[in-house]
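K.L.:
Contents of structure_22.csv (CSV, C-alpha atoms) are below:
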chain,number,residue,atom,x,y,z
A,1,MET,CA,-8.5,10.7,-14.6
A,2,GLN,CA,-9.7,9.8,-11.1
A,3,ILE,CA,-11.8,6.6,-10.8
A,4,LEU,CA,-14.4,7.1,-8.1
A,5,GLU,CA,-15.5,4.3,-5.9
A,6,PRO,CA,-17.1,4.2,-2.5
A,7,GLN,CA,-14.7,5.0,0.3
A,8,LYS,CA,-14.4,2.6,3.2
A,9,PHE,CA,-13.9,4.3,6.5
A,10,ALA,CA,-12.1,2.5,9.3
A,11,SER,CA,-10.5,3.6,12.5
A,12,TRP,CA,-7.4,2.6,14.4
A,13,ASN,CA,-9.8,0.8,16.8
A,14,GLU,CA,-10.0,-1.7,13.9
A,15,PRO,CA,-6.4,-2.1,12.7
A,16,ILE,CA,-7.1,-5.0,10.4
A,17,GLU,CA,-9.8,-2.9,8.7
A,18,MET,CA,-7.2,-0.1,8.4
A,19,LEU,CA,-4.8,-2.6,6.7
A,20,TYR,CA,-7.6,-3.5,4.3
A,21,ALA,CA,-8.3,0.2,3.7
A,22,CYS,CA,-4.6,0.8,2.8
A,23,HIS,CA,-4.9,-2.1,0.3
A,24,SER,CA,-8.0,-0.4,-1.2
A,25,LYS,CA,-6.0,2.8,-1.8
A,26,VAL,CA,-3.1,0.8,-3.3
A,27,LYS,CA,-5.5,-0.9,-5.7
A,28,ARG,CA,-7.1,2.5,-6.7
A,29,PHE,CA,-3.7,4.1,-7.2
A,30,CYS,CA,-2.5,1.1,-9.2
A,31,ARG,CA,-5.5,1.4,-11.5
A,32,GLN,CA,-4.7,5.1,-12.0
A,33,LEU,CA,-1.1,4.2,-12.8
A,34,THR,CA,-2.1,1.6,-15.5
A,35,ILE,CA,-4.2,4.2,-17.3
A,36,LEU,CA,-1.6,7.0,-17.0
A,37,PRO,CA,0.5,6.3,-20.1
A,38,ASP,CA,-2.6,6.3,-22.5
A,39,TYR,CA,-4.0,9.4,-20.7
A,40,LEU,CA,-0.7,11.2,-21.1
A,41,ALA,CA,-0.5,10.3,-24.8
A,42,LYS,CA,-4.0,11.7,-25.4
A,43,ASN,CA,-4.1,14.7,-23.0
A,44,GLY,CA,-0.6,15.5,-22.0
A,45,CYS,CA,0.5,16.3,-18.5
A,46,ASN,CA,-2.3,18.6,-17.5
A,47,GLN,CA,-3.2,19.8,-14.0
A,48,ALA,CA,-5.5,16.8,-13.3
A,49,VAL,CA,-2.6,14.4,-14.1
A,50,LYS,CA,-0.3,16.4,-11.9
A,51,ASN,CA,-2.7,16.3,-9.0
A,52,ASP,CA,-3.3,12.6,-9.3
A,53,VAL,CA,0.4,11.8,-9.7
A,54,GLN,CA,1.2,13.9,-6.6
A,55,GLN,CA,-1.4,12.0,-4.6
A,56,ILE,CA,0.1,8.7,-5.8
A,57,LEU,CA,3.7,9.8,-5.0
A,58,ASN,CA,2.6,11.0,-1.5
A,59,TYR,CA,0.8,7.7,-0.8
A,60,PHE,CA,3.6,5.4,-1.9
A,61,ASN,CA,6.4,7.5,-0.5
A,62,GLN,CA,4.8,8.0,2.9
A,63,SER,CA,1.8,5.8,3.7
A,64,ALA,CA,2.9,2.6,2.0
A,65,PRO,CA,6.2,2.3,4.1
A,66,LEU,CA,4.2,3.0,7.3
A,67,HIS,CA,1.7,0.3,6.2
A,68,HIS,CA,4.6,-2.2,5.8
A,69,ASP,CA,5.9,-1.2,9.2
A,70,ASP,CA,2.5,-1.8,10.7
A,71,GLU,CA,2.6,-5.4,9.3
A,72,GLU,CA,6.2,-6.2,10.0
A,73,LYS,CA,6.5,-4.7,13.4
A,74,ASP,CA,3.0,-5.2,14.9
A,75,PHE,CA,0.6,-7.4,13.0
A,76,PHE,CA,2.9,-10.2,11.7
A,77,PRO,CA,4.7,-10.9,15.0
A,78,LEU,CA,1.4,-11.0,16.9
A,79,LEU,CA,-0.2,-13.3,14.3
A,80,VAL,CA,2.6,-15.8,14.2
A,81,LYS,CA,2.2,-16.4,18.0
A,82,TYR,CA,-1.2,-17.9,17.2
A,83,VAL,CA,-0.7,-19.2,13.7
A,84,PRO,CA,3.0,-20.3,13.5
A,85,GLU,CA,2.4,-21.9,10.2
A,86,ALA,CA,1.9,-18.4,8.7
A,87,GLN,CA,5.7,-17.7,9.1
A,88,LYS,CA,6.5,-19.0,5.6
A,89,ASP,CA,4.0,-16.6,4.0
A,90,ILE,CA,5.2,-13.8,6.3
A,91,ASP,CA,8.8,-14.3,5.3
A,92,GLU,CA,7.8,-14.1,1.7
A,93,LEU,CA,5.7,-11.0,2.3
A,94,GLU,CA,8.7,-9.3,4.0
A,95,ARG,CA,10.9,-10.2,1.0
A,96,GLN,CA,8.2,-8.7,-1.3
A,97,HIS,CA,8.2,-5.5,0.7
A,98,VAL,CA,11.8,-5.0,-0.3
A,99,THR,CA,11.0,-5.6,-3.9
A,100,LEU,CA,7.9,-3.4,-3.8
A,101,HIS,CA,10.0,-0.5,-2.4
A,102,ASP,CA,12.8,-1.0,-5.0
A,103,ASN,CA,10.2,-1.1,-7.9
A,104,TRP,CA,8.5,1.9,-6.5
A,105,ALA,CA,11.8,3.9,-6.2
A,106,LYS,CA,12.4,3.4,-10.0
A,107,LEU,CA,8.9,4.4,-10.9
A,108,SER,CA,8.7,7.3,-8.6
A,109,GLU,CA,11.8,8.9,-10.2
A,110,GLN,CA,9.9,8.9,-13.5
A,111,LEU,CA,6.7,10.3,-11.9
A,112,GLN,CA,8.7,13.0,-10.2
A,113,ALA,CA,10.4,13.9,-13.5
A,114,LEU,CA,6.9,14.0,-15.1
A,115,LEU,CA,5.8,16.5,-12.5
A,116,ASN,CA,9.0,18.6,-13.0
A,117,GLY,CA,8.4,18.8,-16.7
A,118,GLU,CA,11.5,16.7,-17.4
A,119,ARG,CA,9.6,14.0,-19.3
A,120,GLU,CA,6.3,13.5,-21.1
A,121,ASN,CA,5.6,9.9,-20.4
A,122,VAL,CA,6.2,7.0,-17.9
A,123,ASP,CA,7.6,3.6,-18.7
A,124,MET,CA,4.7,1.1,-18.7
A,125,ALA,CA,7.1,-1.7,-17.8
A,126,LEU,CA,7.9,0.1,-14.5
A,127,ILE,CA,4.2,0.6,-13.9
A,128,ASN,CA,3.6,-3.1,-14.6
A,129,ASN,CA,6.3,-4.1,-12.1
A,130,VAL,CA,4.7,-2.1,-9.3
A,131,VAL,CA,1.1,-3.1,-10.1
A,132,SER,CA,1.9,-6.8,-10.6
A,133,GLY,CA,4.0,-6.8,-7.4
A,134,TYR,CA,1.2,-5.4,-5.4
A,135,ASP,CA,-1.4,-7.7,-7.0
A,136,LYS,CA,0.6,-10.7,-5.9
A,137,HIS,CA,1.4,-9.2,-2.5
A,138,ILE,CA,-2.1,-8.4,-1.6
A,139,ALA,CA,-3.4,-11.8,-2.7
A,140,LEU,CA,-0.9,-13.5,-0.3
A,141,GLU,CA,-1.4,-11.0,2.5
A,142,GLU,CA,-5.1,-10.6,2.8
A,143,PRO,CA,-5.8,-14.2,3.9
A,144,LEU,CA,-3.4,-13.4,6.9
A,145,PHE,CA,-5.6,-10.4,7.8
A,146,GLU,CA,-8.6,-12.9,8.0
A,147,LEU,CA,-6.5,-15.2,10.3
A,148,GLY,CA,-5.8,-12.1,12.4
A,149,LYS,CA,-9.5,-11.4,12.7
A,150,GLN,CA,-10.0,-15.0,13.9
A,151,HIS,CA,-7.2,-15.3,16.3
A,152,LEU,CA,-6.3,-11.9,17.8
A,153,SER,CA,-8.2,-10.6,20.8
A,154,GLU,CA,-9.9,-7.2,21.0
A,155,SER,CA,-7.4,-6.0,23.4
A,156,GLU,CA,-4.5,-7.1,21.2
A,157,LEU,CA,-6.1,-5.4,18.2
A,158,ARG,CA,-6.7,-2.2,20.2
A,159,GLU,CA,-3.0,-2.3,21.3
A,160,ILE,CA,-1.6,-2.6,17.8
A,161,GLY,CA,-4.1,-0.1,16.5
A,162,ASP,CA,-2.8,2.4,19.1
A,163,ILE,CA,0.8,1.7,18.0
A,164,MET,CA,-0.1,2.1,14.3
A,165,SER,CA,-1.8,5.4,15.0
A,166,ALA,CA,1.1,6.7,17.1
A,167,ARG,CA,3.5,5.7,14.2
A,168,ARG,CA,1.6,8.2,12.0
A,169,ARG,CA,1.6,11.0,14.6
A,170,VAL,CA,5.4,10.7,14.8
A,171,GLN,CA,5.6,11.1,11.0
A,172,ALA,CA,3.3,14.2,10.9
Any chance you could put this one into structure tokens?
P.N.:
Amino acid sequence: MQILEPQKFASWNEPIEMLYACHSKVKRFCRQLTILPDYLAKNGCNQAVKNDVQQILNYFNQSAPLHHDDEEKDFFPLLVKYVPEAQKDIDELERQHVTLHDNWAKLSEQLQALLNGERENVDMALINNVVSGYDKHIALEEPLFELGKQHLSESELREIGDIMSARRRVQA
């Protein structure tokens, strides 16, 4: 079921590139989610599906919340110092984070039930809510990443990269 594409490798020395890399994973997992119902109908919940679904659950349960923390606690506050007019978009993105988490919580229940053998399918409407939410979110957010590249200094980027990296060490 996996869709292969070239992997981008970034390091915490380039925190904006890491934010982009997270978005690449989100897009890949969203593509997998959109094909999941048809795949299940044709093939059932085989081991390949279970492996992919577990990866998706791990990412959205662990990495996505950390990514949102990176933005809300580190990137957005620093960016708005240089680009105060970005505050309106930042406020909207932070509202969207709440909705994204809520939509994911509903879908993750079904995905976990699928893994547990308690159901044989996943509600496409829930998948669409998650996928369309992330599509809109990424479209609004990535232009802010570009503003960050233009306005944040190397030392500021290094500092928030260190914080983002430390956030993951605490979670490990």
K.L.:
I need the residue nearest A:Arg95 from this list: A:Lys81, A:Arg169, A:His137, A:Lys42. Use all atoms listed in the file for the distance.
P.N.:
A:His137
K.L.:
Under the rule that only C-alpha atoms are counted, which of A:Asn51, A:Asn129, A:Gln87, A:Ser155 is the nearest residue to A:Lys106?
P.N.:
A:Asn129
K.L.:
Give me, as a Markdown table, each residue of stretch 65-163 of chain A that comes within 7 Å of stretch 11-18 of chain A, together with its shortest interatomic pair and the distance in Å at one decimal, counting all atoms listed in the file, with rows ordered by chain and rising residue number.
P.N.:
| residue | atom | partner | partner_atom | distance |
| --- | --- | --- | --- | --- |
| A:Phe145 | CA | A:Ile16 | CA | 6.2 |
| A:Leu157 | CA | A:Pro15 | CA | 6.4 |
| A:Arg158 | CA | A:Asn13 | CA | 5.5 |
| A:Gly161 | CA | A:Trp12 | CA | 4.8 |
| A:Asp162 | CA | A:Trp12 | CA | 6.6 |
K.L.:
Please determine, counting only C-alpha atoms, which residue among A:Cys45, A:Ala21, A:Leu114, A:Ile138 has the shortest atom-to-atom distance to A:Leu100.
P.N.:
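Smallest separation from A:Leu100 among the options: A:Ile138.
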K.L.:
Could you tell me how far atom CA of A:His151 lies from atom CA of A:Val80, in Å and to one decimal?
P.N.:
10.0 Å
K.L.:
Give me the residues of stretch 59-170 of chain A that have any atom at most 10 Å from an atom of stretch 22-33 of chain A; for each, the nearest atom pair and the distance in Å, rounded to one decimal. Use all atoms listed in the file, sort by chain and number, and format it as JSON lines.
P.N.:
{"residue": "A:Tyr59", "atom": "CA", "partner": "A:Val26", "partner_atom": "CA", "distance": 8.3}
{"residue": "A:Phe60", "atom": "CA", "partner": "A:Val26", "partner_atom": "CA", "distance": 8.2}
{"residue": "A:Ser63", "atom": "CA", "partner": "A:Cys22", "partner_atom": "CA", "distance": 8.2}
{"residue": "A:Ala64", "atom": "CA", "partner": "A:Cys22", "partner_atom": "CA", "distance": 7.8}
{"residue": "A:His67", "atom": "CA", "partner": "A:Cys22", "partner_atom": "CA", "distance": 7.2}
{"residue": "A:Leu111", "atom": "CA", "partner": "A:Leu33", "partner_atom": "CA", "distance": 9.9}
{"residue": "A:Val122", "atom": "CA", "partner": "A:Leu33", "partner_atom": "CA", "distance": 9.3}
{"residue": "A:Met124", "atom": "CA", "partner": "A:Leu33", "partner_atom": "CA", "distance": 8.8}
{"residue": "A:Ile127", "atom": "CA", "partner": "A:Leu33", "partner_atom": "CA", "distance": 6.5}
{"residue": "A:Asn128", "atom": "CA", "partner": "A:Leu33", "partner_atom": "CA", "distance": 8.9}
{"residue": "A:Val130", "atom": "CA", "partner": "A:Cys30", "partner_atom": "CA", "distance": 7.9}
{"residue": "A:Val131", "atom": "CA", "partner": "A:Cys30", "partner_atom": "CA", "distance": 5.6}
{"residue": "A:Ser132", "atom": "CA", "partner": "A:Cys30", "partner_atom": "CA", "distance": 9.2}
{"residue": "A:Tyr134", "atom": "CA", "partner": "A:Val26", "partner_atom": "CA", "distance": 7.8}
{"residue": "A:Asp135", "atom": "CA", "partner": "A:Lys27", "partner_atom": "CA", "distance": 8.0}
{"residue": "A:His137", "atom": "CA", "partner": "A:His23", "partner_atom": "CA", "distance": 9.9}
{"residue": "A:Ile138", "atom": "CA", "partner": "A:His23", "partner_atom": "CA", "distance": 7.2}
{"residue": "A:Glu141", "atom": "CA", "partner": "A:His23", "partner_atom": "CA", "distance": 9.8}
{"residue": "A:Glu142", "atom": "CA", "partner": "A:His23", "partner_atom": "CA", "distance": 8.9}
K.L.:
Write out as a ChimeraX atom specification each polymer residue whose atoms come within 12 Å of A:Ala113, counting all atoms listed in the file; drop sequence neighbours fewer than 2 positions from it.
P.N.:
/A:45,50,53-54,57,106-111,115-123
K.L.:
To one decimal in Å, tell me the separation between atom CA of A:Leu126 and atom CA of A:Tyr39.
P.N.:
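Going from atom CA of A:Leu126 over to atom CA of A:Tyr39, I get 16.3 Å.
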K.L.:
Could you check which of A:Gln47, A:Asn103, A:Gln55, A:Ser165 is closest to A:Gly133, using only C-alpha atoms?
P.N.:
A:Asn103
K.L.:
For a test of reading the model, state the distance in Å between atom CA of A:Asp52 and atom CA of A:Asp69, rounded to one decimal.
P.N.:
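Calculated distance between atom CA of A:Asp52 and atom CA of A:Asp69 is 24.8 Å.
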K.L.:
When you look at A:Val83 with a cut-off of 12 Å (counting only C-alpha atoms), what residues show up, excluding the ones that are within fewer than 6 positions of it in the same chain? I need them as number ranges by chain.
P.N.:
A: 75-77, 89-90, 144-152
K.L.:
Between A:Ala41, A:Ala166, A:Leu140, A:Ala48, which is the closest to A:Gln96 once you count all atoms listed in the file?
P.N.:
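Closest to A:Gln96, using all atoms listed in the file: A:Leu140.
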